[in-house]
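Asks: Hey, dropping coords08.cif in here, mmCIF, C-alpha atoms and all ligand atoms:
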```cif
data_my_file
loop_
_atom_site.label_atom_id
_atom_site.label_comp_id
_atom_site.auth_asym_id
_atom_site.auth_seq_id
_atom_site.Cartn_x
_atom_site.Cartn_y
_atom_site.Cartn_z
CA MET A 57 71.78 104.68 126.59
CA THR A 58 69.53 107.21 128.38
CA ILE A 59 68.62 110.86 127.97
CA GLU A 60 66.72 112.40 130.87
CA ILE A 61 65.21 115.85 130.51
CA ARG A 62 64.47 117.00 134.06
CA ASP A 63 62.16 119.91 134.78
CA VAL A 64 63.75 122.24 132.25
CA SER A 65 62.54 125.83 131.93
CA LYS A 66 63.90 128.54 129.66
CA SER A 67 62.89 132.10 128.81
CA PHE A 68 64.09 134.47 126.15
CA GLY A 69 63.25 137.90 127.53
CA LYS A 70 59.52 137.83 128.10
CA VAL A 71 58.97 134.70 126.03
CA GLN A 72 58.90 131.55 128.11
CA ALA A 73 60.05 128.98 125.57
CA LEU A 74 60.00 125.98 127.95
CA LYS A 75 58.00 125.37 131.11
CA ASN A 76 59.01 122.49 133.35
CA VAL A 77 59.77 120.12 130.51
CA SER A 78 60.48 116.56 131.67
CA PHE A 79 60.71 113.27 129.81
CA THR A 80 63.09 110.37 129.36
CA VAL A 81 64.45 108.66 126.28
CA PRO A 82 65.32 105.12 127.39
CA SER A 83 67.84 102.73 125.89
CA GLY A 84 66.71 101.07 122.67
CA ARG A 85 63.90 103.55 122.12
CA VAL A 86 63.37 106.06 119.35
CA VAL A 87 61.35 108.98 120.65
CA GLY A 88 59.69 111.47 118.29
CA TYR A 89 59.45 115.01 119.66
CA VAL A 90 56.49 116.61 117.97
CA GLY A 91 55.13 120.15 118.15
CA LEU A 92 54.11 123.02 115.90
CA ASN A 93 56.68 125.58 114.80
CA GLY A 94 57.75 127.62 117.82
CA ALA A 95 56.61 124.97 120.31
CA GLY A 96 60.05 124.68 121.91
CA LYS A 97 61.66 121.64 120.26
CA THR A 98 64.88 123.30 119.17
CA THR A 99 65.29 125.05 122.52
CA THR A 100 64.95 121.70 124.32
CA ILE A 101 67.48 120.13 121.98
CA ARG A 102 69.97 122.98 122.32
CA ILE A 103 69.77 122.64 126.09
CA ALA A 104 70.11 118.84 125.93
CA THR A 105 73.24 119.13 123.80
CA GLY A 106 74.81 121.74 126.07
CA VAL A 107 74.68 124.52 123.49
CA LEU A 108 72.28 126.59 125.60
CA PRO A 109 72.08 126.73 129.41
CA PRO A 110 68.63 126.17 130.98
CA ASP A 111 67.21 128.72 133.46
CA GLN A 112 66.08 125.83 135.61
CA GLY A 113 66.33 122.04 135.56
CA ASP A 114 68.91 119.80 133.98
CA VAL A 115 69.49 117.20 131.31
CA VAL A 116 71.23 114.01 132.38
CA ILE A 117 72.89 111.84 129.76
CA ASP A 118 74.06 108.39 130.86
CA GLY A 119 74.28 109.81 134.37
CA TYR A 120 76.23 112.95 133.43
CA SER A 121 74.69 116.37 133.97
CA VAL A 122 74.80 118.67 130.97
CA THR A 123 75.04 121.72 133.20
CA ARG A 124 77.71 120.41 135.60
CA ASP A 125 79.59 117.85 133.51
CA LYS A 126 79.06 119.15 130.00
CA LYS A 127 82.09 117.53 128.41
CA LYS A 128 81.28 113.99 129.54
CA ALA A 129 77.58 114.44 128.87
CA SER A 130 78.03 115.72 125.32
CA TRP A 131 80.65 113.08 124.50
CA GLY A 132 77.90 110.50 124.74
CA VAL A 133 75.60 112.23 122.27
CA GLY A 134 75.72 112.45 118.51
CA TRP A 135 73.59 115.30 117.32
CA VAL A 136 72.48 117.05 114.17
CA PRO A 137 71.16 120.61 114.32
CA GLU A 138 68.13 121.84 112.41
CA LEU A 139 70.23 123.67 109.84
CA PRO A 140 73.76 122.35 109.77
CA ILE A 141 76.05 125.13 108.57
CA PHE A 142 79.19 124.08 106.75
CA GLU A 143 80.54 127.04 104.84
CA SER A 144 83.77 125.19 104.38
CA GLU A 145 86.05 125.41 101.38
CA PHE A 146 87.31 121.98 102.42
CA LYS A 147 86.33 118.90 100.49
CA ALA A 148 83.80 116.76 102.39
CA ILE A 149 86.26 113.93 102.98
CA ASP A 150 88.99 116.29 104.20
CA TYR A 151 86.66 118.04 106.62
CA PHE A 152 85.36 114.71 107.89
CA THR A 153 88.92 113.50 108.42
CA TYR A 154 89.71 116.68 110.34
CA LEU A 155 86.65 116.25 112.60
CA ALA A 156 87.40 112.56 113.15
CA GLY A 157 90.77 113.69 114.48
CA TYR A 158 88.97 115.11 117.52
CA TYR A 159 87.77 111.61 118.30
CA GLY A 160 91.24 110.10 118.08
CA TYR A 161 91.14 108.84 114.50
CA LYS A 162 94.47 109.31 112.73
CA GLY A 163 95.11 110.12 109.04
CA SER A 164 94.34 107.10 106.90
CA GLU A 165 92.10 105.54 109.56
CA ALA A 166 90.01 108.72 109.70
CA ARG A 167 89.84 108.81 105.94
CA ARG A 168 88.69 105.22 105.71
CA LEU A 169 85.95 105.88 108.28
CA GLY A 170 84.96 108.97 106.30
CA GLU A 171 84.68 107.06 103.05
CA GLU A 172 82.64 104.36 104.76
CA LEU A 173 80.23 106.67 106.60
CA LEU A 174 79.81 109.22 103.81
CA THR A 175 79.06 106.39 101.38
CA LYS A 176 76.61 104.88 103.85
CA PHE A 177 74.87 108.25 103.99
CA GLY A 178 74.56 108.53 100.21
CA LEU A 179 77.41 110.98 99.70
CA GLY A 180 79.81 108.52 98.09
CA ASP A 181 79.91 110.49 94.86
CA ALA A 182 80.40 113.80 96.63
CA ILE A 183 83.30 113.12 98.97
CA ASN A 184 85.64 115.24 96.86
CA ARG A 185 83.25 118.14 96.57
CA LYS A 186 83.58 121.30 98.66
CA LEU A 187 81.14 121.34 101.56
CA ALA A 188 80.10 124.89 100.71
CA THR A 189 78.59 123.57 97.47
CA PHE A 190 76.41 120.99 99.26
CA SER A 191 72.63 121.38 99.30
CA GLN A 192 70.89 121.60 102.69
CA GLY A 193 69.88 117.93 102.40
CA MET A 194 73.48 116.94 101.67
CA LYS A 195 74.73 119.00 104.62
CA LYS A 196 72.24 117.15 106.76
CA ARG A 197 73.54 113.80 105.52
CA PHE A 198 77.09 114.98 106.18
CA ALA A 199 76.16 116.07 109.71
CA LEU A 200 74.50 112.68 110.29
CA ALA A 201 77.68 110.90 109.23
CA VAL A 202 79.73 113.14 111.54
CA SER A 203 77.39 112.44 114.47
CA MET A 204 78.26 108.73 114.15
CA ILE A 205 82.06 109.09 114.28
CA ASN A 206 82.50 107.92 117.88
CA ASP A 207 79.48 105.58 117.80
CA PRO A 208 77.84 107.33 120.77
CA PRO A 209 75.13 105.63 122.87
CA ASN A 210 72.68 108.53 122.36
CA PHE A 211 71.48 110.58 119.41
CA ILE A 212 69.56 113.83 119.13
CA PHE A 213 68.31 115.03 115.75
CA ASP A 214 66.51 118.32 115.17
CA GLU A 215 64.05 118.17 112.24
CA VAL A 216 66.30 115.63 110.60
CA LEU A 217 63.66 114.52 108.08
CA ASN A 218 63.03 118.07 106.91
CA GLY A 219 64.99 118.56 103.70
CA LEU A 220 65.65 114.88 103.15
CA ASP A 221 64.25 113.35 99.98
CA PRO A 222 62.04 110.21 100.23
CA GLN A 223 65.13 108.07 99.80
CA GLY A 224 66.75 109.89 102.70
CA ILE A 225 63.68 109.37 104.85
CA ALA A 226 63.64 105.65 104.02
CA PHE A 227 67.30 105.50 104.95
CA PHE A 228 66.62 107.19 108.28
CA ARG A 229 63.89 104.65 108.95
CA GLU A 230 66.41 101.83 108.50
CA LEU A 231 68.85 103.67 110.69
CA ALA A 232 66.24 103.82 113.43
CA VAL A 233 65.90 100.03 113.31
CA GLU A 234 69.65 99.72 113.71
CA PHE A 235 69.70 102.20 116.61
CA ARG A 236 66.95 100.31 118.39
CA LYS A 237 68.73 96.99 117.95
CA ARG A 238 71.93 98.44 119.33
CA GLY A 239 70.27 99.92 122.42
CA LYS A 240 70.78 103.59 121.52
CA ALA A 241 68.54 106.26 122.99
CA VAL A 242 67.31 108.43 120.14
CA LEU A 243 65.40 111.71 120.29
CA PHE A 244 64.31 113.34 117.06
CA SER A 245 62.05 116.31 116.52
CA SER A 246 59.52 116.89 113.77
CA HIS A 247 56.57 119.22 113.25
CA ILE A 248 54.78 116.56 111.19
CA LEU A 249 53.46 113.62 113.18
CA SER A 250 52.88 111.39 110.15
CA GLU A 251 56.59 111.67 109.33
CA VAL A 252 57.40 110.16 112.68
CA GLU A 253 55.30 107.07 112.01
CA GLY A 254 57.38 104.08 111.12
CA ILE A 255 60.39 105.55 112.86
CA ALA A 256 59.46 106.39 116.46
CA ASP A 257 58.20 104.03 119.14
CA ILE A 258 56.99 106.82 121.38
CA VAL A 259 55.94 110.39 120.65
CA VAL A 260 56.35 113.20 123.17
CA PHE A 261 54.18 116.18 122.28
CA ILE A 262 55.14 119.75 123.13
CA HIS A 263 52.91 122.79 122.75
CA LYS A 264 53.83 126.35 123.71
CA GLY A 265 56.72 125.16 125.81
CA ARG A 266 54.76 122.52 127.76
CA ILE A 267 54.70 118.77 127.37
CA ILE A 268 51.09 117.91 126.59
CA GLY A 269 51.40 114.17 126.23
CA SER A 270 53.55 111.14 125.66
CA HIS A 271 52.04 108.28 123.69
CA SER A 272 53.16 105.12 121.98
CA ILE A 273 52.69 105.03 118.20
CA ASP A 274 50.33 102.07 118.66
CA GLU A 275 48.15 104.09 121.00
CA ILE A 276 48.11 107.06 118.58
CA LYS A 277 47.14 104.87 115.63
CA HIS A 278 44.39 103.31 117.67
CA GLU A 279 42.78 106.66 118.49
CA ALA A 280 43.24 108.43 115.17
CA LYS A 281 40.30 109.12 112.81
CA PRO A 282 40.08 108.74 109.03
CA ALA A 283 41.05 111.67 106.82
CA VAL A 284 41.68 112.78 103.25
CA GLU A 285 44.86 114.66 102.52
CA LEU A 286 44.72 116.89 99.44
CA VAL A 287 47.36 118.79 97.54
CA LEU A 288 45.61 121.58 95.66
CA THR A 289 46.65 124.15 93.10
CA LYS A 290 45.44 126.93 95.36
CA VAL A 291 44.46 127.25 99.00
CA ASP A 292 42.59 130.33 100.22
CA ASN A 293 39.84 131.19 102.70
CA ASP A 294 37.01 130.44 100.26
CA LEU A 295 38.41 127.01 99.66
CA LEU A 296 38.84 126.28 103.36
CA LYS A 297 35.24 127.31 103.88
CA LEU A 298 34.09 125.04 101.08
CA LEU A 299 36.05 122.10 102.44
CA GLY A 300 34.72 122.85 105.91
CA LYS A 301 31.32 121.60 104.74
CA TYR A 302 32.78 118.14 104.40
CA GLY A 303 34.80 117.75 107.56
CA GLU A 304 37.30 119.38 109.90
CA VAL A 305 39.86 121.19 107.80
CA SER A 306 43.43 122.10 108.60
CA VAL A 307 46.33 123.30 106.51
CA VAL A 308 49.25 120.91 106.84
CA SER A 309 51.69 123.08 104.89
CA GLY A 310 51.49 125.37 101.86
CA ASN A 311 48.80 123.94 99.60
CA ARG A 312 48.48 120.65 101.46
CA VAL A 313 45.25 120.38 103.43
CA LEU A 314 43.75 117.71 105.61
CA VAL A 315 40.01 117.00 105.84
CA ARG A 316 39.42 114.94 108.93
CA ASN A 317 36.43 112.74 109.51
CA PRO A 318 35.05 113.45 106.00
CA SER A 319 31.30 113.14 105.54
CA VAL A 320 31.56 112.06 101.87
CA ASP A 321 33.72 109.76 99.75
CA SER A 322 36.99 111.27 98.56
CA SER A 323 35.80 110.91 94.95
CA VAL A 324 32.80 113.14 95.74
CA LEU A 325 35.07 115.65 97.42
CA ILE A 326 37.44 115.72 94.45
CA SER A 327 34.72 116.16 91.81
CA GLU A 328 33.23 118.98 93.90
CA LEU A 329 36.60 120.76 93.95
CA VAL A 330 37.23 120.20 90.25
CA SER A 331 33.77 121.55 89.38
CA LYS A 332 34.74 124.74 91.22
CA GLY A 333 37.88 125.03 89.10
CA ILE A 334 40.31 123.95 91.79
CA GLY A 335 43.00 121.57 90.64
CA VAL A 336 43.62 118.50 92.79
CA LEU A 337 47.26 117.51 92.41
CA GLU A 338 47.15 114.73 94.92
CA ALA A 339 44.55 113.01 97.08
CA LYS A 340 45.29 110.42 99.68
CA ARG A 341 42.80 108.74 101.90
CA GLU A 342 44.12 107.71 105.23
CA GLU A 343 42.24 105.14 107.21
CA LYS A 344 43.43 106.87 110.31
CA SER A 345 45.10 110.23 110.40
CA LEU A 346 47.85 110.70 112.88
CA GLU A 347 47.67 114.48 112.46
CA ASP A 348 44.15 114.25 113.80
CA PHE A 349 45.48 112.91 117.05
CA PHE A 350 48.03 115.74 117.24
CA PHE A 351 45.52 118.52 116.47
CA ASN A 352 43.11 117.11 118.99
CA LEU A 353 45.80 117.13 121.64
CA VAL A 354 46.65 120.75 120.81
CA LYS A 355 42.97 121.68 120.98
CA ARG A 356 42.64 120.11 124.40
CA ALA A 357 45.76 121.90 125.59
CA GLU A 358 44.41 125.22 124.30
CA SER A 359 41.17 124.73 126.18
CA GLY A 360 43.11 124.12 129.38
CA GLU A 361 42.14 120.48 129.54
CA LEU A 362 45.72 119.22 129.44
N1 LIG B 401 67.47 132.81 120.70
C1 LIG B 401 66.19 133.13 120.88
N2 LIG B 401 65.82 134.39 121.22
C2 LIG B 401 64.54 134.72 121.41
N3 LIG B 401 63.52 133.86 121.29
C3 LIG B 401 63.80 132.59 120.97
C4 LIG B 401 65.15 132.17 120.74
N4 LIG B 401 65.12 130.85 120.42
C5 LIG B 401 63.83 130.47 120.45
N5 LIG B 401 63.03 131.52 120.78
C6 LIG B 401 61.57 131.45 120.95
O1 LIG B 401 61.28 130.34 121.76
C7 LIG B 401 60.11 129.66 121.29
C8 LIG B 401 60.44 128.22 120.96
O2 LIG B 401 61.28 128.18 119.80
P1 LIG B 401 61.92 126.85 119.24
O3 LIG B 401 62.49 126.09 120.35
O4 LIG B 401 62.84 127.24 118.15
O5 LIG B 401 60.65 126.09 118.66
P2 LIG B 401 60.55 124.88 117.61
O6 LIG B 401 61.89 124.31 117.41
O7 LIG B 401 59.58 123.93 118.24
O8 LIG B 401 59.99 125.45 116.35
C9 LIG B 401 59.60 130.48 120.12
O9 LIG B 401 58.64 131.38 120.61
C10 LIG B 401 60.84 131.19 119.64
O10 LIG B 401 60.49 132.39 119.01
MG MG B 402 62.93 123.99 115.68
#
```
Can the structure in the file be given as structure tokens, please?
Ligand SMILES: Nc1ncnc2c1ncn2[C@@H]1O[C@H](COP(=O)(O)OP(=O)(O)O)[C@@H](O)[C@H]1O
Ligand SMILES: [Mg+2]

Replies:
Amino acid sequence: MTIEIRDVSKSFGKVQALKNVSFTVPSGRVVGYVGLNGAGKTTTIRIATGVLPPDQGDVVIDGYSVTRDKKKASWGVGWVPELPIFESEFKAIDYFTYLAGYYGYKGSEARRLGEELLTKFGLGDAINRKLATFSQGMKKRFALAVSMINDPPNFIFDEVLNGLDPQGIAFFRELAVEFRKRGKAVLFSSHILSEVEGIADIVVFIHKGRIIGSHSIDEIKHEAKPAVELVLTKVDNDLLKLLGKYGEVSVVSGNRVLVRNPSVDSSVLISELVSKGIGVLEAKREEKSLEDFFFNLVKRAESGEL
């Protein structure tokens, strides 16, 4: 229904992880929570789910305070942590049945729900496998299924797309449509803005523990610039320098780089790279790069403008 993050601050020793973080996830909205690694997403989520107490501020879920009324507040939220840990020797279906028991589902009823939800989440063939043998992506799918047991009005997912295969991401996209239709309030974090496209309605940006903006996807698309995304065999300083001649360069992850506002056609860029002996595994021209919007926001925050 509604998740309200109200003026939350949190420090770990000398590190201030969150500074006066406030935003609301309204009913029927899917909000992407985007920031670089270490920005403070997981800390916000752990506070919102009652796992971690804030130093200051509060999170209010459907009117219940996480700090004062934790049980009621967390009852209304289904959540999936960044790295779900299930070192269980139990079979998936048995563990699900056991967890469903907490929500009042009895024996065969719990089992039926388990079969239904685990199948829905693509684990139909694995229900009799031990959880400990699941891959990280499968554990994530299992945790997603578990988060739906009591059909809560709110959902919080930490880096839920990370570790999911394209099929899993497509599934999550459909899930988001369903959530929206059913009036759920959904908050999900990601460090890759383009992943959020097609899923979120609104993106809240966090940088170094501060909220630096909240924008609708439509607004972000409108302001973004063109870009070429390249996957190369090798990325080093020389290469970044070379690419820098053709536009603003940033490393998205590993050997994936983004050249924003390129001054030449992508075909020219590719032949230049190939002539220098650099293999181009993938090249994708984006009419408008969402990452550009994100980096620009970060740049403005760094310069004290935001
Ligand atoms: N338990 C902890 N102890 C010390 N520092 C922490 C702890 N959890 C998070 N931090 C620090 O808080 C900051 C925000 O981390 P986090 O919320 O995990 O970021 P994100 O999820 O956006 O990558 C980082 O500087 C991180 O090192
Ligand atoms: Mg995190």

Asks: Report the closest atom pair, with its distance in Å rounded to one decimal, for each residue of chain A that has an atom no farther than 7 Å from ligand MG 402 (chain B); count all atoms listed in the file, sort by chain and then rising residue number, and write it as a Markdown table.

Replies:
```
| residue | atom | partner | partner_atom | distance |
| --- | --- | --- | --- | --- |
| A:Asn93 | CA | B:MG402 | MG | 6.5 |
| A:Gly94 | CA | B:MG402 | MG | 6.7 |
| A:Gly96 | CA | B:MG402 | MG | 6.9 |
| A:Lys97 | CA | B:MG402 | MG | 5.3 |
| A:Thr98 | CA | B:MG402 | MG | 4.1 |
| A:Glu138 | CA | B:MG402 | MG | 6.5 |
| A:Asp214 | CA | B:MG402 | MG | 6.7 |
| A:Glu215 | CA | B:MG402 | MG | 6.9 |
```

Asks: Show me the residues around (69.2, 128.1, 122.9) - criterion: an atom at most 12 Å away, all atoms listed in the file counted - as a short mmCIF file (atom, residue, chain, number, x, y, z; two decimals) with C-alpha atoms, keeping the file's coordinate frame.

Replies:
```cif
data_model
loop_
_atom_site.label_atom_id
_atom_site.label_comp_id
_atom_site.auth_asym_id
_atom_site.auth_seq_id
_atom_site.Cartn_x
_atom_site.Cartn_y
_atom_site.Cartn_z
CA SER A 65 62.54 125.83 131.93
CA LYS A 66 63.90 128.54 129.66
CA SER A 67 62.89 132.10 128.81
CA PHE A 68 64.09 134.47 126.15
CA ALA A 73 60.05 128.98 125.57
CA LEU A 74 60.00 125.98 127.95
CA GLY A 96 60.05 124.68 121.91
CA LYS A 97 61.66 121.64 120.26
CA THR A 98 64.88 123.30 119.17
CA THR A 99 65.29 125.05 122.52
CA THR A 100 64.95 121.70 124.32
CA ILE A 101 67.48 120.13 121.98
CA ARG A 102 69.97 122.98 122.32
CA ILE A 103 69.77 122.64 126.09
CA ALA A 104 70.11 118.84 125.93
CA THR A 105 73.24 119.13 123.80
CA GLY A 106 74.81 121.74 126.07
CA VAL A 107 74.68 124.52 123.49
CA LEU A 108 72.28 126.59 125.60
CA PRO A 109 72.08 126.73 129.41
CA PRO A 110 68.63 126.17 130.98
CA ASP A 111 67.21 128.72 133.46
CA PRO A 137 71.16 120.61 114.32
#
```

Asks: What is the atom CA of A:Ala201-atom CA of A:Phe177 distance in Å, reported with one decimal?

Replies: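 Rounded to one decimal, the two atoms are 6.5 Å apart.
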
Asks: Considering only C-alpha atoms and all ligand atoms, can you say which of A:Val116, A:Val252, A:Leu337, A:Leu92 comes closest to ligand LIG 401 (chain B)?

Replies: A:Leu92

Asks: Given only C-alpha atoms as the basis, pick out the residue of A:Gly113, A:Val315, A:Thr123, A:Val86 nearest to A:Phe228.

Replies: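 Checking each of A:Gly113, A:Val315, A:Thr123, A:Val86 against A:Phe228, counting only C-alpha atoms, the winner is A:Val86.
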
Asks: One decimal, in Å: what's the spacing between atom CA of A:Leu243 and atom CA of A:Tyr89?

Replies: 6.8 Å

Asks: Nearest residue to A:Glu328 out of A:Leu299, A:Val81, A:Leu174, A:Leu217, using all atoms listed in the file?

Replies: A:Leu299

Asks: Need to verify the contact set: A:Ile59, 10 Å, all atoms listed in the file, exclusion of same-chain residues closer than 5 positions in sequence. Can you return it as a PyMOL selection string?

Replies: chain A and resi 79-83+104+115-120+129+132-133+209-212+240-243

Asks: Would you mind exporting C-alpha atoms of the selected residues as a JSON list (two decimals), keeping the file's coordinate frame?

Replies:
```
[["chain", "number", "residue", "atom", "x", "y", "z"],
["A", 79, "PHE", "CA", 60.71, 113.27, 129.81],
["A", 80, "THR", "CA", 63.09, 110.37, 129.36],
["A", 81, "VAL", "CA", 64.45, 108.66, 126.28],
["A", 82, "PRO", "CA", 65.32, 105.12, 127.39],
["A", 83, "SER", "CA", 67.84, 102.73, 125.89],
["A", 104, "ALA", "CA", 70.11, 118.84, 125.93],
["A", 115, "VAL", "CA", 69.49, 117.20, 131.31],
["A", 116, "VAL", "CA", 71.23, 114.01, 132.38],
["A", 117, "ILE", "CA", 72.89, 111.84, 129.76],
["A", 118, "ASP", "CA", 74.06, 108.39, 130.86],
["A", 119, "GLY", "CA", 74.28, 109.81, 134.37],
["A", 120, "TYR", "CA", 76.23, 112.95, 133.43],
["A", 129, "ALA", "CA", 77.58, 114.44, 128.87],
["A", 132, "GLY", "CA", 77.90, 110.50, 124.74],
["A", 133, "VAL", "CA", 75.60, 112.23, 122.27],
["A", 209, "PRO", "CA", 75.13, 105.63, 122.87],
["A", 210, "ASN", "CA", 72.68, 108.53, 122.36],
["A", 211, "PHE", "CA", 71.48, 110.58, 119.41],
["A", 212, "ILE", "CA", 69.56, 113.83, 119.13],
["A", 240, "LYS", "CA", 70.78, 103.59, 121.52],
["A", 241, "ALA", "CA", 68.54, 106.26, 122.99],
["A", 242, "VAL", "CA", 67.31, 108.43, 120.14],
["A", 243, "LEU", "CA", 65.40, 111.71, 120.29]]
```

Asks: Looking at only C-alpha atoms, which of A:Arg341, A:Phe349, A:Asp294, A:Glu253 is the one that sits closest to A:Ile276?

Replies: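 Nearest to A:Ile276: A:Phe349.
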
Asks: Find the residues with any atom within 10 Å of (81.5, 108.3, 115.3); use all atoms listed in the file and the coordinates as given in the file, and write the answer as an NGL selection string.

Replies: :A and (133-134 or 155-156 or 159 or 161 or 169-170 or 173 or 200-208)

Asks: Env of A:Asp63: 6 Å cut, atoms = only C-alpha atoms, seq-sep filter 4 positions within chain, self excluded. Answer as a PyMOL selection string.

Replies: chain A and resi 76-78+113

Asks: Box in all listed atoms of stretch 317-324 of chain A, axis-aligned, with 3 Å more on each side; write out centre and edge lengths in Å to one decimal as lines of an AutoDock Vina configuration file.

Replies:
```
center_x = 34.1
center_y = 111.6
center_z = 102.2
size_x = 11.7
size_y = 9.7
size_z = 20.6
```

Asks: Is it possible to add N, CA and C atoms to stretch 307-327 of chain A and hand it back as a tab-separated table (two decimals), keeping the file's coordinate frame?

Replies:
```tsv
chain	number	residue	atom	x	y	z
A	307	VAL	N	45.27	123.17	107.50
A	307	VAL	CA	46.33	123.30	106.51
A	307	VAL	C	47.56	122.63	107.08
A	308	VAL	N	48.07	121.63	106.37
A	308	VAL	CA	49.25	120.91	106.84
A	308	VAL	C	50.49	121.75	106.53
A	309	SER	N	50.60	122.20	105.29
A	309	SER	CA	51.69	123.08	104.89
A	309	SER	C	51.39	123.56	103.49
A	310	GLY	N	51.67	124.81	103.20
A	310	GLY	CA	51.49	125.37	101.86
A	310	GLY	C	50.12	125.06	101.29
A	311	ASN	N	50.08	124.27	100.22
A	311	ASN	CA	48.80	123.94	99.60
A	311	ASN	C	48.36	122.51	99.90
A	312	ARG	N	48.85	121.99	101.02
A	312	ARG	CA	48.48	120.65	101.46
A	312	ARG	C	47.48	120.77	102.60
A	313	VAL	N	46.28	120.28	102.39
A	313	VAL	CA	45.25	120.38	103.43
A	313	VAL	C	44.75	119.00	103.84
A	314	LEU	N	44.24	118.97	105.07
A	314	LEU	CA	43.75	117.71	105.61
A	314	LEU	C	42.28	117.89	105.96
A	315	VAL	N	41.42	116.99	105.46
A	315	VAL	CA	40.01	117.00	105.84
A	315	VAL	C	39.80	115.77	106.71
A	316	ARG	N	39.56	116.05	107.99
A	316	ARG	CA	39.42	114.94	108.93
A	316	ARG	C	37.97	114.53	109.08
A	317	ASN	N	37.77	113.27	109.33
A	317	ASN	CA	36.43	112.74	109.51
A	317	ASN	C	35.49	113.16	108.38
A	318	PRO	N	35.85	112.95	107.13
A	318	PRO	CA	35.05	113.45	106.00
A	318	PRO	C	33.66	112.81	105.95
A	319	SER	N	32.68	113.63	105.56
A	319	SER	CA	31.30	113.14	105.54
A	319	SER	C	30.96	112.48	104.21
A	320	VAL	N	31.82	112.67	103.18
A	320	VAL	CA	31.56	112.06	101.87
A	320	VAL	C	32.79	111.28	101.42
A	321	ASP	N	32.61	110.49	100.37
A	321	ASP	CA	33.72	109.76	99.75
A	321	ASP	C	34.73	110.75	99.18
A	322	SER	N	35.99	110.34	99.12
A	322	SER	CA	36.99	111.27	98.56
A	322	SER	C	36.70	111.60	97.11
A	323	SER	N	36.11	110.64	96.37
A	323	SER	CA	35.80	110.91	94.95
A	323	SER	C	34.77	112.03	94.83
A	324	VAL	N	33.81	112.07	95.74
A	324	VAL	CA	32.80	113.14	95.74
A	324	VAL	C	33.47	114.47	96.04
A	325	LEU	N	34.35	114.45	97.01
A	325	LEU	CA	35.07	115.65	97.42
A	325	LEU	C	35.89	116.19	96.24
A	326	ILE	N	36.57	115.30	95.56
A	326	ILE	CA	37.44	115.72	94.45
A	326	ILE	C	36.61	116.31	93.31
A	327	SER	N	35.50	115.63	92.94
A	327	SER	CA	34.72	116.16	91.81
A	327	SER	C	34.10	117.51	92.18
```
